[in-house]
Each structure stands twice: as structure tokens, then as C-alpha cells.
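Chemist: I am sharing query_20.cif, which consists of mmCIF, C-alpha atoms:
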data_protein
loop_
_atom_site.group_PDB
_atom_site.id
_atom_site.type_symbol
_atom_site.label_atom_id
_atom_site.label_comp_id
_atom_site.auth_asym_id
_atom_site.auth_seq_id
_atom_site.Cartn_x
_atom_site.Cartn_y
_atom_site.Cartn_z
ATOM 1 C CA MET A 1 0.000 0.000 0.000
ATOM 2 C CA ARG A 2 1.298 3.442 -0.911
ATOM 3 C CA THR A 3 0.570 6.305 1.437
ATOM 4 C CA ALA A 4 1.535 9.928 0.764
ATOM 5 C CA MET A 5 2.762 11.349 4.047
ATOM 6 C CA THR A 6 1.962 14.949 3.085
ATOM 7 C CA THR A 7 -0.400 16.530 0.600
ATOM 8 C CA ASP A 8 1.835 19.146 -1.067
ATOM 9 C CA LEU A 9 4.815 17.071 -2.171
ATOM 10 C CA LYS A 10 6.054 17.046 -5.720
ATOM 11 C CA ARG A 11 7.532 14.167 -7.639
ATOM 12 C CA PRO A 12 11.279 13.665 -7.144
ATOM 13 C CA ARG A 13 13.202 16.166 -9.250
ATOM 14 C CA LYS A 14 15.675 15.169 -11.912
ATOM 15 C CA ALA A 15 18.910 14.134 -10.252
ATOM 16 C CA MET A 16 21.750 16.663 -10.106
ATOM 17 C CA HIS A 17 24.310 13.876 -10.472
ATOM 18 C CA PRO A 18 24.493 10.710 -12.635
ATOM 19 C CA PRO A 19 22.184 7.841 -11.600
ATOM 20 C CA LEU A 20 23.610 5.389 -9.088
ATOM 21 C CA SER A 21 22.018 2.565 -11.076
ATOM 22 C CA THR A 22 18.996 1.960 -13.271
ATOM 23 C CA ASP A 23 18.111 -1.488 -11.939
ATOM 24 C CA LEU A 24 18.848 -1.581 -8.213
ATOM 25 C CA ARG A 25 16.417 -3.701 -6.269
ATOM 26 C CA LEU A 26 16.147 -4.741 -2.625
ATOM 27 C CA ASP A 27 14.345 -7.958 -1.764
ATOM 28 C CA VAL A 28 13.735 -9.108 1.805
ATOM 29 C CA ASP A 29 12.335 -12.625 2.031
ATOM 30 C CA ASP A 30 10.697 -14.038 5.188
ATOM 31 C CA LEU A 31 13.042 -12.272 7.599
ATOM 32 C CA SER A 32 12.844 -13.427 11.234
ATOM 33 C CA VAL A 33 14.840 -12.243 14.238
ATOM 34 C CA LEU A 34 14.908 -13.554 17.798
ATOM 35 C CA ARG A 35 16.048 -11.632 20.853
ATOM 36 C CA GLY A 36 16.471 -14.217 23.561
ATOM 37 C CA SER A 37 13.181 -16.120 23.465
ATOM 38 C CA ARG A 38 11.254 -13.215 21.941
ATOM 39 C CA LEU A 39 10.392 -13.183 18.244
ATOM 40 C CA VAL A 40 11.112 -9.566 17.312
ATOM 41 C CA LEU A 41 10.526 -9.925 13.564
ATOM 42 C CA ASP A 42 8.288 -12.635 12.175
ATOM 43 C CA ARG A 43 8.742 -13.459 8.468
ATOM 44 C CA VAL A 44 8.972 -9.893 7.227
ATOM 45 C CA SER A 45 9.089 -9.531 3.441
ATOM 46 C CA LEU A 46 9.430 -6.424 1.282
ATOM 47 C CA ARG A 47 10.642 -5.414 -2.140
ATOM 48 C CA LEU A 48 11.816 -2.028 -3.366
ATOM 49 C CA PRO A 49 12.930 -1.013 -6.860
ATOM 50 C CA ALA A 50 15.380 1.721 -7.761
ATOM 51 C CA GLY A 51 13.995 5.041 -6.550
ATOM 52 C CA GLY A 52 11.744 3.348 -3.998
ATOM 53 C CA ALA A 53 10.963 4.571 -0.499
ATOM 54 C CA LEU A 54 9.499 2.772 2.499
ATOM 55 C CA ILE A 55 8.253 4.120 5.830
ATOM 56 C CA LEU A 56 8.490 1.648 8.727
ATOM 57 C CA GLN A 57 5.808 2.095 11.358
ATOM 58 C CA GLY A 58 4.917 0.248 14.548
ATOM 59 C CA ALA A 59 4.827 0.532 18.296
ATOM 60 C CA ASN A 60 7.999 0.806 20.364
ATOM 61 C CA GLY A 61 9.569 -2.635 20.475
ATOM 62 C CA SER A 62 7.970 -3.812 17.248
ATOM 63 C CA GLY A 63 11.375 -4.297 15.614
ATOM 64 C CA LYS A 64 11.754 -1.231 13.374
ATOM 65 C CA SER A 65 15.326 -0.455 14.419
ATOM 66 C CA THR A 66 16.186 -4.161 14.424
ATOM 67 C CA LEU A 67 14.993 -4.477 10.827
ATOM 68 C CA LEU A 68 17.164 -1.542 9.759
ATOM 69 C CA ARG A 69 20.189 -3.089 11.455
ATOM 70 C CA VAL A 70 19.594 -6.401 9.682
ATOM 71 C CA LEU A 71 19.259 -4.638 6.331
ATOM 72 C CA ALA A 72 22.499 -2.773 7.064
ATOM 73 C CA GLY A 73 24.317 -6.039 7.777
ATOM 74 C CA LEU A 74 24.844 -5.139 11.445
ATOM 75 C CA ARG A 75 22.683 -8.025 12.691
ATOM 76 C CA THR A 76 22.400 -11.550 11.279
ATOM 77 C CA PRO A 77 18.792 -12.696 10.877
ATOM 78 C CA ASP A 78 17.635 -15.958 12.419
ATOM 79 C CA GLY A 79 15.611 -16.768 9.331
ATOM 80 C CA GLY A 80 15.085 -15.480 5.811
ATOM 81 C CA GLN A 81 17.468 -13.453 3.705
ATOM 82 C CA VAL A 82 18.266 -10.030 2.277
ATOM 83 C CA LEU A 83 18.954 -9.888 -1.456
ATOM 84 C CA TRP A 84 20.355 -7.107 -3.619
ATOM 85 C CA ASP A 85 19.761 -7.518 -7.342
ATOM 86 C CA GLY A 86 18.831 -11.125 -6.627
ATOM 87 C CA VAL A 87 22.081 -11.939 -4.794
ATOM 88 C CA SER A 88 22.186 -12.640 -1.057
ATOM 89 C CA ALA A 89 23.796 -9.802 0.901
ATOM 90 C CA ALA A 90 25.344 -12.454 3.173
ATOM 91 C CA ARG A 91 27.424 -13.771 0.280
ATOM 92 C CA ASP A 92 29.724 -10.730 0.424
ATOM 93 C CA ARG A 93 29.147 -8.635 3.546
ATOM 94 C CA ALA A 94 31.917 -6.195 2.682
ATOM 95 C CA ALA A 95 30.341 -5.453 -0.690
ATOM 96 C CA HIS A 96 26.938 -4.982 0.928
ATOM 97 C CA ALA A 97 28.388 -2.572 3.483
ATOM 98 C CA LEU A 98 29.522 -0.356 0.601
ATOM 99 C CA ARG A 99 25.904 -0.073 -0.584
ATOM 100 C CA VAL A 100 24.542 1.147 2.736
ATOM 101 C CA ALA A 101 24.401 4.498 4.496
ATOM 102 C CA TYR A 102 22.993 3.842 7.979
ATOM 103 C CA LEU A 103 21.866 6.552 10.395
ATOM 104 C CA GLY A 104 20.791 5.447 13.865
ATOM 105 C CA HIS A 105 19.504 7.455 16.810
ATOM 106 C CA GLN A 106 23.057 8.568 17.592
ATOM 107 C CA ASP A 107 24.692 11.101 15.290
ATOM 108 C CA ALA A 108 28.095 9.359 15.691
ATOM 109 C CA LEU A 109 30.190 12.509 15.275
ATOM 110 C CA LYS A 110 33.752 12.869 16.544
ATOM 111 C CA LEU A 111 33.233 15.689 19.033
ATOM 112 C CA GLY A 112 36.854 16.846 18.996
ATOM 113 C CA LEU A 113 36.798 17.456 15.241
ATOM 114 C CA THR A 114 35.189 20.365 13.468
ATOM 115 C CA LEU A 115 32.001 19.934 11.501
ATOM 116 C CA LEU A 116 33.975 20.081 8.241
ATOM 117 C CA GLU A 117 36.516 17.539 9.456
ATOM 118 C CA ASN A 118 33.704 15.141 10.373
ATOM 119 C CA LEU A 119 32.241 15.487 6.890
ATOM 120 C CA HIS A 120 35.636 15.099 5.262
ATOM 121 C CA LEU A 121 35.938 11.597 6.742
ATOM 122 C CA ALA A 122 32.746 10.610 4.885
ATOM 123 C CA GLN A 123 33.811 12.439 1.743
ATOM 124 C CA ILE A 124 37.047 10.434 1.488
ATOM 125 C CA THR A 125 35.194 7.154 0.966
ATOM 126 C CA GLY A 126 31.993 8.449 -0.622
ATOM 127 C CA GLY A 127 33.382 11.004 -3.019
ATOM 128 C CA GLY A 128 30.491 13.442 -2.706
ATOM 129 C CA SER A 129 30.906 17.209 -2.836
ATOM 130 C CA LEU A 130 31.620 18.805 0.550
ATOM 131 C CA GLU A 131 30.323 22.192 -0.583
ATOM 132 C CA ALA A 132 27.116 20.651 -1.941
ATOM 133 C CA ALA A 133 26.539 18.795 1.338
ATOM 134 C CA LEU A 134 27.148 21.939 3.400
ATOM 135 C CA SER A 135 24.755 23.887 1.201
ATOM 136 C CA ALA A 136 22.079 21.175 1.192
ATOM 137 C CA PHE A 137 21.756 21.372 4.993
ATOM 138 C CA ASP A 138 22.704 25.044 5.475
ATOM 139 C CA LEU A 139 25.874 24.209 7.405
ATOM 140 C CA GLY A 140 28.364 26.522 5.694
ATOM 141 C CA ASP A 141 28.605 29.030 8.547
ATOM 142 C CA LEU A 142 29.256 26.215 11.042
ATOM 143 C CA ARG A 143 32.029 24.419 9.170
ATOM 144 C CA ASP A 144 34.843 25.407 11.550
ATOM 145 C CA LEU A 145 32.976 24.777 14.804
ATOM 146 C CA PRO A 146 33.987 21.740 16.894
ATOM 147 C CA ALA A 147 31.200 19.166 16.829
ATOM 148 C CA ARG A 148 30.869 19.359 20.610
ATOM 149 C CA MET A 149 29.656 22.975 20.262
ATOM 150 C CA LEU A 150 26.833 22.129 17.860
ATOM 151 C CA SER A 151 23.200 22.017 18.958
ATOM 152 C CA ALA A 152 21.230 18.768 18.698
ATOM 153 C CA GLY A 153 19.624 19.921 15.454
ATOM 154 C CA GLN A 154 22.954 21.005 13.970
ATOM 155 C CA LYS A 155 24.494 17.638 14.839
ATOM 156 C CA ARG A 156 21.603 15.855 13.148
ATOM 157 C CA ARG A 157 21.976 17.983 10.021
ATOM 158 C CA THR A 158 25.678 17.144 9.991
ATOM 159 C CA ALA A 159 24.899 13.438 10.294
ATOM 160 C CA LEU A 160 22.455 13.704 7.378
ATOM 161 C CA ALA A 161 25.053 15.578 5.324
ATOM 162 C CA ARG A 162 27.403 12.668 5.960
ATOM 163 C CA VAL A 163 24.762 10.278 4.561
ATOM 164 C CA LEU A 164 24.542 12.446 1.447
ATOM 165 C CA LEU A 165 28.331 12.452 1.050
ATOM 166 C CA SER A 166 28.492 8.665 1.268
ATOM 167 C CA ARG A 167 26.977 8.259 -2.214
ATOM 168 C CA ARG A 168 25.596 4.891 -1.108
ATOM 169 C CA PRO A 169 22.481 3.662 -2.941
ATOM 170 C CA LEU A 170 20.628 2.311 0.122
ATOM 171 C CA TRP A 171 19.790 4.803 2.882
ATOM 172 C CA LEU A 172 18.595 3.277 6.162
ATOM 173 C CA LEU A 173 17.406 6.072 8.449
ATOM 174 C CA ASP A 174 16.208 5.590 12.022
ATOM 175 C CA GLU A 175 14.151 8.651 13.060
ATOM 176 C CA PRO A 176 16.192 10.917 10.759
ATOM 177 C CA THR A 177 14.367 14.150 11.683
ATOM 178 C CA LEU A 178 15.152 14.010 15.420
ATOM 179 C CA GLY A 179 15.938 17.556 16.546
ATOM 180 C CA LEU A 180 15.256 19.158 13.147
ATOM 181 C CA ASP A 181 13.140 22.268 12.688
ATOM 182 C CA THR A 182 10.594 22.718 9.893
ATOM 183 C CA ARG A 183 13.014 24.381 7.492
ATOM 184 C CA SER A 184 15.630 21.665 7.956
ATOM 185 C CA ILE A 185 13.042 18.959 7.336
ATOM 186 C CA GLU A 186 12.059 20.714 4.112
ATOM 187 C CA ARG A 187 15.700 20.787 2.997
ATOM 188 C CA PHE A 188 15.993 17.116 3.848
ATOM 189 C CA GLY A 189 12.980 16.430 1.634
ATOM 190 C CA HIS A 190 14.801 17.907 -1.377
ATOM 191 C CA VAL A 191 17.865 15.783 -0.622
ATOM 192 C CA MET A 192 15.775 12.601 -0.419
ATOM 193 C CA ALA A 193 13.992 13.432 -3.680
ATOM 194 C CA GLU A 194 17.294 13.855 -5.520
ATOM 195 C CA HIS A 195 18.639 10.599 -4.069
ATOM 196 C CA ARG A 196 15.593 8.712 -5.337
ATOM 197 C CA ALA A 197 15.741 10.416 -8.736
ATOM 198 C CA ALA A 198 19.295 9.078 -9.052
ATOM 199 C CA GLY A 199 18.031 5.531 -8.420
ATOM 200 C CA GLY A 200 18.668 5.409 -4.674
ATOM 201 C CA ILE A 201 16.429 3.660 -2.143
ATOM 202 C CA ILE A 202 15.303 5.020 1.242
ATOM 203 C CA ILE A 203 13.917 3.076 4.208
ATOM 204 C CA ALA A 204 13.108 5.140 7.282
ATOM 205 C CA THR A 205 11.434 4.837 10.652
ATOM 206 C CA THR A 206 9.566 7.897 11.841
ATOM 207 C CA HIS A 207 6.917 9.081 14.278
ATOM 208 C CA VAL A 208 6.277 12.268 12.288
ATOM 209 C CA PRO A 209 5.431 12.789 8.594
ATOM 210 C CA LEU A 210 8.468 12.767 6.322
ATOM 211 C CA PRO A 211 8.625 14.869 3.138
ATOM 212 C CA LEU A 212 8.678 11.818 0.872
ATOM 213 C CA TYR A 213 6.674 11.526 -2.332
ATOM 214 C CA ASP A 214 4.432 8.443 -2.538
ATOM 215 C CA PRO A 215 6.307 6.087 -0.188
ATOM 216 C CA ASP A 216 5.294 2.540 0.612
ATOM 217 C CA THR A 217 4.352 1.865 4.239
ATOM 218 C CA LEU A 218 5.096 -1.241 6.292
ATOM 219 C CA VAL A 219 3.483 -1.519 9.731
ATOM 220 C CA LEU A 220 5.257 -3.997 11.988
ATOM 221 C CA PRO A 221 2.988 -5.766 14.479
ATOM 222 C CA ASP A 222 3.712 -5.832 18.190
ATOM 223 C CA SER A 223 2.988 -9.518 18.788
ATOM 224 C CA HIS A 224 5.145 -10.136 21.916
ATOM 225 C CA MET A 225 5.590 -13.700 20.685
ATOM 226 C CA GLN A 226 7.739 -16.011 22.820
ATOM 227 C CA VAL A 227 9.581 -19.134 21.707
ATOM 228 C CA ASP A 228 9.708 -22.149 24.017
ATOM 229 C CA VAL A 229 13.200 -23.416 23.215
ATOM 230 C CA THR A 230 12.992 -26.330 25.638
ATOM 231 C CA GLN A 231 10.832 -28.416 23.305
ATOM 232 C CA ASP A 232 11.938 -30.424 20.298
ATOM 233 C CA GLU A 233 9.397 -28.534 18.220
ATOM 234 C CA THR A 234 8.976 -24.768 18.263
ATOM 235 C CA VAL A 235 5.988 -23.708 20.326
ATOM 236 C CA TRP A 236 4.614 -20.198 20.042
ATOM 237 C CA GLU A 237 3.204 -18.603 23.169
ATOM 238 C CA LEU A 238 1.581 -15.194 23.366
ATOM 239 C CA ASP A 239 2.507 -12.989 26.292
ATOM 240 C CA ALA A 240 -0.271 -12.464 28.793
#
Any chance you could put this one into C-alpha cells?
Modeler:
Amino acid sequence: MRTAMTTDLKRPRKAMHPPLSTDLRLDVDDLSVLRGSRLVLDRVSLRLPAGGALILQGANGSGKSTLLRVLAGLRTPDGGQVLWDGVSAARDRAAHALRVAYLGHQDALKLGLTLLENLHLAQITGGGSLEAALSAFDLGDLRDLPARMLSAGQKRRTALARVLLSRRPLWLLDEPTLGLDTRSIERFGHVMAEHRAAGGIIIATTHVPLPLYDPDTLVLPDSHMQVDVTQDETVWELDA
């Protein structure tokens, strides 16, 4: 099901840089994850083409962040598989890591470095334009400030600029607008539109509307399923 998160969005604009690919595709097949005896994800499947976007929704504890970490290759699933262009991501984890830009709840900045120095670390491997990233998130006047002196919103904008610089086709974003004001969210919307127009894919968790045109939506259930691992056969028990 496709759900437009806002009513005044425009289609993604023509990309300002060459397409990342014309045939990228992410396939997730029957993904399951256990945490102890708790079934966090139960046979989750999804498929996104080049330029696709997906909003993950669900109650706290429903497995949204866990799913992003599995897709990023940071967590091995207990069942199912992640495929990129029909090839299992587990076959070459290093290659898959080079496809992914992952942003968690933490901004992961080096506080002793300036904003520009933090972005330069991402620019070395990603090859994106530092000036374009600074401009995209209105960070030019802050470039020489140590990261420790930035506000929460400024740190988040810096973290998002780092995602842009990575030039990775798959963006996995966990509550990306934390700490952002309305204007910054609008700027972020333009960045996401250009990434999709270049063939990139975005999967994001959010509790507020994101400026994404025509995204798919996946609602993860909060089943609280438990696995009785003492039996020869798997027995499913619902929490009281």
C-alpha cells in the first residue's frame, strides 16, 4: 500500500548527479529475528525497486530499528534473507556494506573534530561534494565549529550531510528528523527526492510525517511472541 505522508509534495526532481544505477532492487524474504526467546521480527518480506521509499511504522519494540540493522548487515537474521539484485547480501558482507548508508539514533560525530573535518571523513570514501553537502543542509557558517559545540539539530543535520556524502544507494534512516526544525526537514525532503531520482532507495522509521513523495508503508505488528526453546518442536506462546 502506498501512502503519501503529506499533501503538497512534488515528484522527485531530476537528479543533479548521474544515476547510481537503473536497476537496483532490494528484496527481503521471510526475515525473522529472535532476541532471547522473543520473536522480534516474524517473516517480514518487502521489495523495493530503484527510486523506492518505504516508511516503517509500529509501536515501540515492534522491531523497526532491528529491521534496519539487519538490512544494514549489522545483525544476522535468524531466518530469511536479504537480497540485492537477486544476490544474497550475506554472500559478500563487505560489498553490501559499501551499498549502505545507515543513520541510527546517535549522530556518531567525533566531538573533537570540526564539523567540516567530520564530513571530510565521509567524503574520502563516498566522493560526494563537501560544498554541496554543506549547502544542502545550510551548514556553511558552522564548518569550523567543533562538533561538541553544535546544537542537537545542527548535529543531526551534519549526520544527514554525511549520509549524502556517502553516495551509497541504500539509505537506512532511524528517526532521521530528530531535533530538526521545519526548514531543515524541508531541505531534507529535497535531498531525499534527488537521491531517489538518481536511483537510490530510502527506508526510514519515523513518528512524524516525512517529506517523501508516494512512499510505501510497512506496519510492523507488536505480537510479543515467545519461543519455548525447551521443546523439540517450536511452540509459540503469546505474552499475557
Chemist: CA of Pro211 in chain A to CA of Ile185 in chain A: how many Å, to one decimal?
Modeler: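 Going from CA of Pro211 in chain A over to CA of Ile185 in chain A covers 7.3 Å.
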Chemist: Which is closest to Leu54 in chain A among A:Arg69, A:Ala197, A:Thr217, A:Asp222, if we use all atoms listed in the file?
Modeler: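 Among the listed residues, the smallest separation from Leu54 in chain A belongs to A:Thr217.
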Chemist: Which neighbours of range 181-184 of chain A fall inside 8 Å, counting only C-alpha atoms, when residues of the same chain fewer than 4 positions from it are skipped, and could you give them as a count of residues only?
Modeler: 4
Chemist: What do you get, as number ranges by chain, if you spell out every residue that the PyMOL selection byres ((chain A and resi 93-107) around 9) selects here?
Modeler: A: 65, 68-69, 71-73, 84, 89-92, 108-109, 155-156, 158-160, 162-164, 166-176, 178
Chemist: Using all atoms listed in the file - which residues lie no farther than 12 Å from the point (9.5, 3.3, 7.9) in the file's frame? Write them as a ChimeraX atom specification.
Modeler: /A:3,5,46,53-59,62-68,171-176,202-210,212,215-220
Chemist: Just the number, please: distance in Å from CA of Thr114 in chain A to CA of Gly140 in chain A, one decimal.
Modeler: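 Interatomic distance here is 12.0 Å.
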Chemist: For CA of Leu119 in chain A and CA of Gly199 in chain A, quote the distance in Å rounded to one decimal.
Modeler: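 About the pair CA of Leu119 in chain A and CA of Gly199 in chain A: they are 23.1 Å apart.
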Chemist: Please evaluate the PyMOL selection byres ((chain A and resi 43) around 6) against the structure above and give the resulting residues as an MDAnalysis selection string.
Modeler: chainID A and resid 30:32 42 44
Chemist: I need the residue set behind the PyMOL selection byres ((chain A and resi 130) around 12) for this file; please write it as a PyMOL selection string.
Modeler: chain A and resi 115-124+126-129+131-140+143+158+161-167
